[in-house]
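Asks: Quick one, data32.txt (compact mmCIF, C-alpha atoms):
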# COMPACT_ATOMS: atom_id res chain seq x y z
CA LEU A 543 96.32 50.05 -56.14
CA ASN A 544 95.21 46.49 -55.40
CA HIS A 545 97.31 46.48 -52.24
CA ARG A 546 95.77 49.76 -51.07
CA VAL A 547 92.24 48.53 -51.78
CA LYS A 548 92.85 45.29 -49.90
CA ASN A 549 94.19 47.09 -46.85
CA THR A 550 91.46 49.74 -46.96
CA LEU A 551 88.82 47.00 -46.80
CA ALA A 552 90.63 45.37 -43.88
CA SER A 553 90.90 48.72 -42.09
CA VAL A 554 87.18 49.41 -42.49
CA GLN A 555 86.33 45.93 -41.23
CA ALA A 556 88.53 46.36 -38.15
CA ILE A 557 86.99 49.73 -37.33
CA ALA A 558 83.47 48.38 -37.83
CA GLN A 559 84.01 45.41 -35.53
CA GLN A 560 85.69 47.39 -32.77
CA THR A 561 83.11 50.20 -32.96
CA LEU A 562 80.26 47.68 -32.82
CA ARG A 563 81.79 45.99 -29.80
CA ARG A 564 81.88 49.29 -27.85
CA SER A 565 78.52 50.73 -28.99
CA LYS A 566 75.56 50.80 -26.61
CA ASP A 567 72.87 51.02 -29.30
CA PRO A 568 72.53 51.16 -33.12
CA ALA A 569 72.39 54.96 -33.20
CA GLN A 570 75.72 55.25 -31.37
CA PHE A 571 77.29 52.70 -33.70
CA VAL A 572 76.14 54.53 -36.83
CA SER A 573 77.40 57.90 -35.53
CA SER A 574 80.82 56.61 -34.40
CA PHE A 575 81.40 54.36 -37.40
CA SER A 576 80.35 57.03 -39.93
CA GLY A 577 82.71 59.57 -38.37
CA ARG A 578 85.68 57.22 -38.54
CA ILE A 579 84.95 56.27 -42.14
CA GLN A 580 84.63 59.96 -43.03
CA SER A 581 88.03 60.52 -41.43
CA LEU A 582 89.60 57.85 -43.65
CA SER A 583 87.77 59.26 -46.67
CA LEU A 584 89.22 62.74 -46.13
CA ALA A 585 92.72 61.31 -45.76
CA HIS A 586 92.28 59.21 -48.91
CA ALA A 587 91.10 62.26 -50.86
CA GLN A 588 94.17 64.25 -49.82
CA LEU A 589 96.52 61.38 -50.66
CA SER A 590 94.83 60.76 -54.02
CA ALA A 591 95.33 64.42 -54.93
CA GLU A 592 99.06 63.88 -54.37
CA THR A 593 99.10 60.50 -56.16
CA TRP A 594 99.77 58.81 -52.81
CA GLN A 595 103.24 60.32 -52.55
CA GLY A 596 102.51 61.82 -49.13
CA ALA A 597 100.33 64.38 -47.35
CA ASP A 598 100.88 67.87 -46.00
CA LEU A 599 100.69 67.56 -42.21
CA GLU A 600 99.03 70.93 -41.51
CA ARG A 601 96.29 70.37 -44.07
CA LEU A 602 95.73 66.84 -42.77
CA ILE A 603 95.25 68.07 -39.20
CA HIS A 604 93.11 71.01 -40.36
CA ASP A 605 90.72 68.76 -42.32
CA GLN A 606 90.31 66.30 -39.45
CA VAL A 607 89.94 68.75 -36.56
CA LEU A 608 87.71 71.30 -38.28
CA GLN A 609 85.02 68.90 -39.45
CA GLY A 610 81.52 69.97 -38.51
CA PRO A 611 80.50 73.17 -36.70
CA VAL A 612 83.88 74.04 -35.19
CA ASP A 613 84.92 77.69 -34.96
CA GLU A 614 88.35 77.99 -36.59
CA ARG A 615 89.27 80.69 -34.08
CA THR A 616 89.23 78.11 -31.27
CA VAL A 617 91.85 75.90 -32.95
CA LYS A 618 95.50 76.89 -33.38
CA LEU A 619 97.87 74.87 -35.57
CA ARG A 620 101.58 75.57 -35.30
CA GLY A 621 104.56 73.80 -36.77
CA PRO A 622 106.95 73.60 -39.73
CA LYS A 623 105.78 72.59 -43.19
CA LEU A 624 106.08 68.84 -43.31
CA THR A 625 105.03 66.06 -45.68
CA VAL A 626 104.36 62.65 -44.13
CA SER A 627 104.12 59.29 -45.88
CA ALA A 628 100.75 57.80 -46.83
CA GLN A 629 100.83 55.22 -44.04
CA THR A 630 101.69 57.82 -41.41
CA ALA A 631 99.00 60.14 -42.80
CA LEU A 632 96.29 57.49 -42.40
CA HIS A 633 97.30 56.75 -38.82
CA LEU A 634 97.46 60.46 -37.98
CA ALA A 635 94.07 61.07 -39.59
CA LEU A 636 92.42 58.52 -37.29
CA MET A 637 94.22 59.94 -34.25
CA MET A 638 93.25 63.54 -35.03
CA HIS A 639 89.65 62.51 -35.67
CA GLU A 640 89.38 60.77 -32.30
CA LEU A 641 90.98 63.69 -30.47
CA ALA A 642 88.68 66.22 -32.15
CA THR A 643 85.59 64.08 -31.54
CA ASN A 644 86.38 63.66 -27.85
CA ALA A 645 87.10 67.40 -27.51
CA ALA A 646 83.76 68.26 -29.13
CA LYS A 647 81.80 65.83 -26.94
CA TYR A 648 83.51 66.11 -23.58
CA GLY A 649 86.47 68.48 -23.81
CA SER A 650 87.35 72.05 -24.61
CA LEU A 651 85.42 72.25 -27.91
CA SER A 652 82.19 71.51 -26.02
CA SER A 653 82.55 74.91 -24.29
CA VAL A 654 82.28 78.38 -25.84
CA THR A 655 85.46 79.40 -23.99
CA GLY A 656 87.49 76.30 -24.88
CA THR A 657 90.45 76.16 -27.23
CA VAL A 658 92.67 73.52 -28.81
CA ASP A 659 96.33 74.04 -29.56
CA VAL A 660 98.12 71.59 -31.87
CA ASN A 661 101.83 72.09 -32.39
CA TRP A 662 104.48 69.84 -33.86
CA ARG A 663 108.21 69.80 -34.46
CA LEU A 664 110.72 67.52 -36.11
CA ASP A 665 113.56 66.16 -33.99
CA GLY A 666 115.86 64.35 -36.40
CA ARG A 667 113.55 61.79 -38.01
CA THR A 668 111.02 61.81 -35.18
CA LEU A 669 107.80 63.80 -35.28
CA HIS A 670 106.76 65.25 -31.91
CA LEU A 671 103.13 66.38 -31.85
CA LYS A 672 101.35 67.89 -28.85
CA TRP A 673 97.57 68.29 -28.52
CA SER A 674 96.47 70.66 -25.72
CA GLU A 675 92.93 71.53 -24.61
CA ARG A 676 92.19 74.54 -22.42
CA GLY A 677 89.09 76.32 -21.17
CA GLY A 678 86.76 73.33 -21.26
CA PRO A 679 85.10 71.21 -18.56
CA ARG A 680 87.36 69.71 -15.94
CA PRO A 681 88.44 66.19 -17.03
CA ILE A 682 86.62 63.31 -15.37
CA ARG A 683 88.61 60.22 -14.45
CA LEU A 684 87.02 57.12 -16.02
CA ASN A 685 87.30 53.55 -14.82
CA HIS A 686 87.73 52.20 -18.35
CA ARG A 687 89.37 53.18 -21.63
CA GLY A 688 87.17 53.83 -24.62
CA PHE A 689 87.87 52.57 -28.11
CA GLY A 690 88.89 56.08 -29.21
CA THR A 691 91.70 56.21 -26.65
CA ALA A 692 92.82 52.70 -27.59
CA LEU A 693 92.73 53.62 -31.29
CA ILE A 694 94.98 56.63 -30.71
CA GLU A 695 97.51 54.57 -28.76
CA LYS A 696 97.44 51.61 -31.17
CA SER A 697 97.77 53.86 -34.23
CA ALA A 698 100.90 55.43 -32.75
CA GLN A 699 102.29 52.01 -31.87
CA GLY A 700 101.57 50.87 -35.43
CA GLU A 701 104.05 53.54 -36.56
CA GLY A 702 106.64 52.44 -34.01
CA GLY A 703 105.89 55.43 -31.79
CA GLU A 704 103.80 56.19 -28.74
CA ALA A 705 100.90 58.38 -27.61
CA ARG A 706 100.48 59.43 -23.99
CA MET A 707 97.52 61.26 -22.46
CA ILE A 708 97.91 63.75 -19.60
CA ALA A 709 94.81 64.94 -17.70
CA ASP A 710 95.05 67.77 -15.18
CA GLU A 711 92.81 70.55 -13.90
CA ASN A 712 93.55 72.66 -16.99
CA GLY A 713 92.36 70.04 -19.48
CA ILE A 714 93.47 67.12 -21.61
CA SER A 715 96.84 66.95 -23.36
CA TRP A 716 98.36 64.31 -25.61
CA ASP A 717 102.03 63.83 -26.40
CA ILE A 718 102.49 61.87 -29.63
CA ARG A 719 105.84 60.68 -30.96
CA LEU A 720 106.15 59.07 -34.39
CA PRO A 721 109.39 58.03 -36.12
CA LEU A 722 109.40 59.03 -39.80
CA LYS A 723 111.01 56.45 -42.05
CA ASP A 724 113.00 57.59 -45.07
CA ASN A 725 112.34 54.34 -46.90
CA ALA A 726 108.56 54.33 -46.43
CA ALA A 727 106.99 53.03 -49.64
CA PRO A 728 104.83 55.60 -51.50
CA GLY A 729 101.17 54.75 -51.09
CA ALA A 730 101.75 52.29 -48.24
CA MET A 731 98.67 51.56 -46.19
CA PRO A 732 98.49 50.35 -42.57
CA GLN A 733 100.03 46.93 -42.98
CA THR A 734 97.87 43.84 -42.69
CA SER A 735 98.61 40.17 -43.05
CA PRO A 736 96.15 37.89 -44.90
CA ASP A 737 96.92 35.16 -42.38
CA LYS A 738 97.06 37.05 -39.11
CA GLY A 739 94.92 40.04 -40.12
CA LYS A 740 96.37 42.71 -37.87
CA ILE A 741 96.10 46.44 -38.27
CA ALA A 742 97.70 48.81 -35.77
CA SER A 743 97.90 45.91 -33.28
CA MET A 744 94.13 45.25 -33.52
CA GLN A 745 93.05 41.70 -34.41
CA ILE A 746 90.82 41.43 -37.46
CA PRO A 747 89.69 38.48 -39.62
CA THR A 748 90.68 37.92 -43.23
CA ASN A 749 88.55 39.90 -45.67
CA PRO A 750 87.17 37.70 -48.52
CA ALA A 751 86.21 40.69 -50.68
CA ALA A 752 89.70 42.14 -50.36
CA ALA A 753 91.21 38.81 -51.35
CA LYS A 754 89.12 38.81 -54.55
CA LEU A 755 90.16 42.35 -55.42
CA ALA A 756 93.82 41.73 -54.69
CA GLY A 757 94.34 39.61 -57.80
CA LYS A 758 92.47 41.87 -60.23
CA ALA A 759 93.58 44.94 -62.11
CA MET A 760 90.95 47.69 -62.11
CA SER A 761 90.64 51.41 -62.64
CA PRO A 762 90.75 53.77 -59.63
CA ASN A 763 87.03 54.55 -60.05
CA LYS A 764 86.07 50.87 -60.03
CA ALA A 765 88.29 50.25 -57.01
CA ARG A 766 86.73 53.17 -55.14
CA ARG A 767 83.21 51.95 -55.93
CA ALA A 768 84.15 48.45 -54.78
CA VAL A 769 85.43 49.85 -51.48
CA GLU A 770 82.27 51.93 -51.00
CA ARG A 771 79.95 49.00 -51.78
CA ASP A 772 81.80 46.67 -49.45
CA ALA A 773 81.86 49.25 -46.64
CA ALA A 774 78.12 49.89 -47.05
CA ASP A 775 77.37 46.15 -47.02
CA ARG A 776 79.40 45.59 -43.85
CA ALA A 777 77.80 48.59 -42.15
CA SER A 778 74.34 47.22 -43.01
CA ARG A 779 75.21 43.77 -41.66
CA ALA A 780 76.68 45.30 -38.52
CA ARG A 781 73.51 47.32 -37.90
CA SER A 782 71.46 44.16 -38.31
CA ARG A 783 73.63 42.35 -35.76
CA VAL A 784 73.20 45.21 -33.30
CA ARG A 785 69.41 45.12 -33.69
CA ARG A 786 69.33 41.35 -33.24
CA GLY A 787 71.49 41.70 -30.13
CA PHE A 788 69.13 44.23 -28.57
CA ARG A 789 66.08 42.11 -29.43
CA LEU A 790 67.72 39.08 -27.83
CA ARG A 791 68.62 41.13 -24.75
CA ALA A 792 64.99 42.27 -24.41
CA PHE A 793 63.75 38.69 -24.86
CA LEU A 794 66.07 37.35 -22.16
CA ARG A 795 65.10 40.17 -19.82
CA ASP A 796 61.42 39.34 -20.31
CA ARG A 797 62.11 35.68 -19.59
CA ARG A 798 63.77 36.58 -16.29
CA GLU A 799 61.05 38.97 -15.13
CA PRO A 800 58.03 37.62 -13.22
CA PRO A 801 54.68 37.80 -15.08
CA ARG A 802 53.41 40.61 -12.85
CA ALA A 803 56.39 42.83 -13.68
CA ARG A 804 55.98 42.15 -17.39
CA SER A 805 52.31 43.05 -17.23
CA ALA A 806 53.03 46.32 -15.40
CA ARG A 807 55.69 47.25 -17.94
CA GLY A 808 53.32 46.41 -20.79
CA ARG A 809 50.58 48.62 -19.35
CA ALA A 810 53.06 51.48 -18.90
CA ARG A 811 54.21 51.12 -22.52
CA ALA A 812 50.60 51.12 -23.75
CA ALA A 813 49.81 54.23 -21.70
CA ARG A 814 52.75 56.10 -23.22
CA ALA A 815 51.63 55.08 -26.71
Turn this file's structure into structure tokens for me.
Replies:
Amino acid sequence: LNHRVKNTLASVQAIAQQTLRRSKDPAQFVSSFSGRIQSLSLAHAQLSAETWQGADLERLIHDQVLQGPVDERTVKLRGPKLTVSAQTALHLALMMHELATNAAKYGSLSSVTGTVDVNWRLDGRTLHLKWSERGGPRPIRLNHRGFGTALIEKSAQGEGGEARMIADENGISWDIRLPLKDNAAPGAMPQTSPDKGKIASMQIPTNPAAAKLAGKAMSPNKARRAVERDAADRASRARSRVRRGFRLRAFLRDRREPPRARSARGRARAARA
């Protein structure tokens, strides 16, 4: 339990920092960060119900993809019944959340005619999962990769696998390959190192709160409350940093503008008010 709590705190911290770095404003940060934490929360709830012995793959994908106002008729899940380890479940939860979020914002789930097909198969000890979007807007080629795309790829790499996106005129597809280890420890979380602080190949700092919890025995309820308090505190501090950053940006912009431009902008702001 202490190991899971420590790594959960480190995971939340990594997600918060990376989300903050890619957010344009506080509202975007809150929306993106809350969705990713909710994704982890759903995966934790499923694993807790199974005493962290593993998670049913179909239910995991269902819970992540069908969050929010998504019509179940637009999503098809196909594949054999399969239980994945806790560590693999957490990585898959984040990947499915990012795929579903992108589909709802920009892809097939943003259109009334769009559909998503998720199918998987087991080839030996390797899970092959394919995500296919059809009937949505035509994909737009971007000049940069977002954090969601990087998170999908890094999560797969953290499992020793790979995730590859294919964009054509029909829509977005992802081919995901994950090796399933027979000797995966029950309840294992995405592995972090107190010294190097890495999760799924993302660099994160050491978490002082996690270090304090690591040496203490506590009940599951106390551990959960500790995780929730620490996550809320970090989210509050992150929002404060975002606000300070935007205030500093506005101050520097005002310093660079000539007095006449500042006066005109001030009169326009007063008129709108």
Asks: Applying 10 Å and only C-alpha atoms, which residues near Asn712 of chain A remain after dropping the ones on its own chain fewer than 4 positions away? List them as a ChimeraX atom specification.
Replies: /A:650,674-681
Asks: To one decimal place, how far is atom CA of Ala642 of chain A from atom CA of Asp775 of chain A in Å?
Replies: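 Atom CA of Asp775 of chain A lies at a distance of 27.4 Å from atom CA of Ala642 of chain A.
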Asks: Identify, on the basis of all atoms listed in the file, every residue whose closest approach to segment 693-709 of chain A does not exceed 7 Å; exclude the query and any residue fewer than 4 positions from it along the same chain; express the result as a list in words.
Replies: Thr630, His633, Met637, Pro681, Phe689, Gly713, Ile714, Ser715, Trp716, Asp717, Ile718, Arg719, Leu720, Pro721, Ala742 and Ser743 of chain A
Asks: Any idea what the distance is between atom CA of Leu551 of chain A and atom CA of Ser590 of chain A?
Replies: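 Spanning atom CA of Leu551 of chain A to atom CA of Ser590 of chain A is a straight-line distance of 16.7 Å.
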Asks: For the contact check between segment 588-674 of chain A and segment 568-581 of chain A, emit one row per residue of segment 588-674 of chain A within 9 Å, containing the shortest atom pair and the distance in Å rounded to one decimal, counting only C-alpha atoms, chain then rising number order, as a Markdown table.
Replies:
| residue | atom | partner | partner_atom | distance |
| --- | --- | --- | --- | --- |
| A:Asp605 | CA | A:Ser581 | CA | 8.7 |
| A:Gln606 | CA | A:Ser581 | CA | 6.5 |
| A:Leu632 | CA | A:Ser581 | CA | 8.9 |
| A:Ala635 | CA | A:Ser581 | CA | 6.3 |
| A:Leu636 | CA | A:Ser581 | CA | 6.4 |
| A:Met638 | CA | A:Ser581 | CA | 8.8 |
| A:His639 | CA | A:Ser581 | CA | 6.3 |
| A:Glu640 | CA | A:Arg578 | CA | 8.1 |
| A:Thr643 | CA | A:Gly577 | CA | 8.7 |
Asks: For Asn661 of chain A, which of A:Val626, A:His604, A:Gly688, A:Ala631 is the closest residue, counting all atoms listed in the file?
Replies: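 Distance minimum relative to Asn661 of chain A lands on A:His604.
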Asks: From the set A:Val547, A:Leu669, A:Val658, A:Ala556, which residue has the shortest atom-to-atom contact distance to Ala646 of chain A, counting all atoms listed in the file?
Replies: A:Val658
Asks: Would you mind reading off the distance between atom CA of Pro622 of chain A and atom CA of Leu599 of chain A, one decimal, in Å?
Replies: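 Taking atom CA of Pro622 of chain A and atom CA of Leu599 of chain A, their separation equals 9.0 Å.
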Asks: Between A:Arg785, A:Ser583, A:Thr691, A:Leu624, which residue has the minimum interatomic distance to Thr668 of chain A, considering all atoms listed in the file?
Replies: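 Of the candidates, the smallest distance to Thr668 of chain A is held by A:Leu624.
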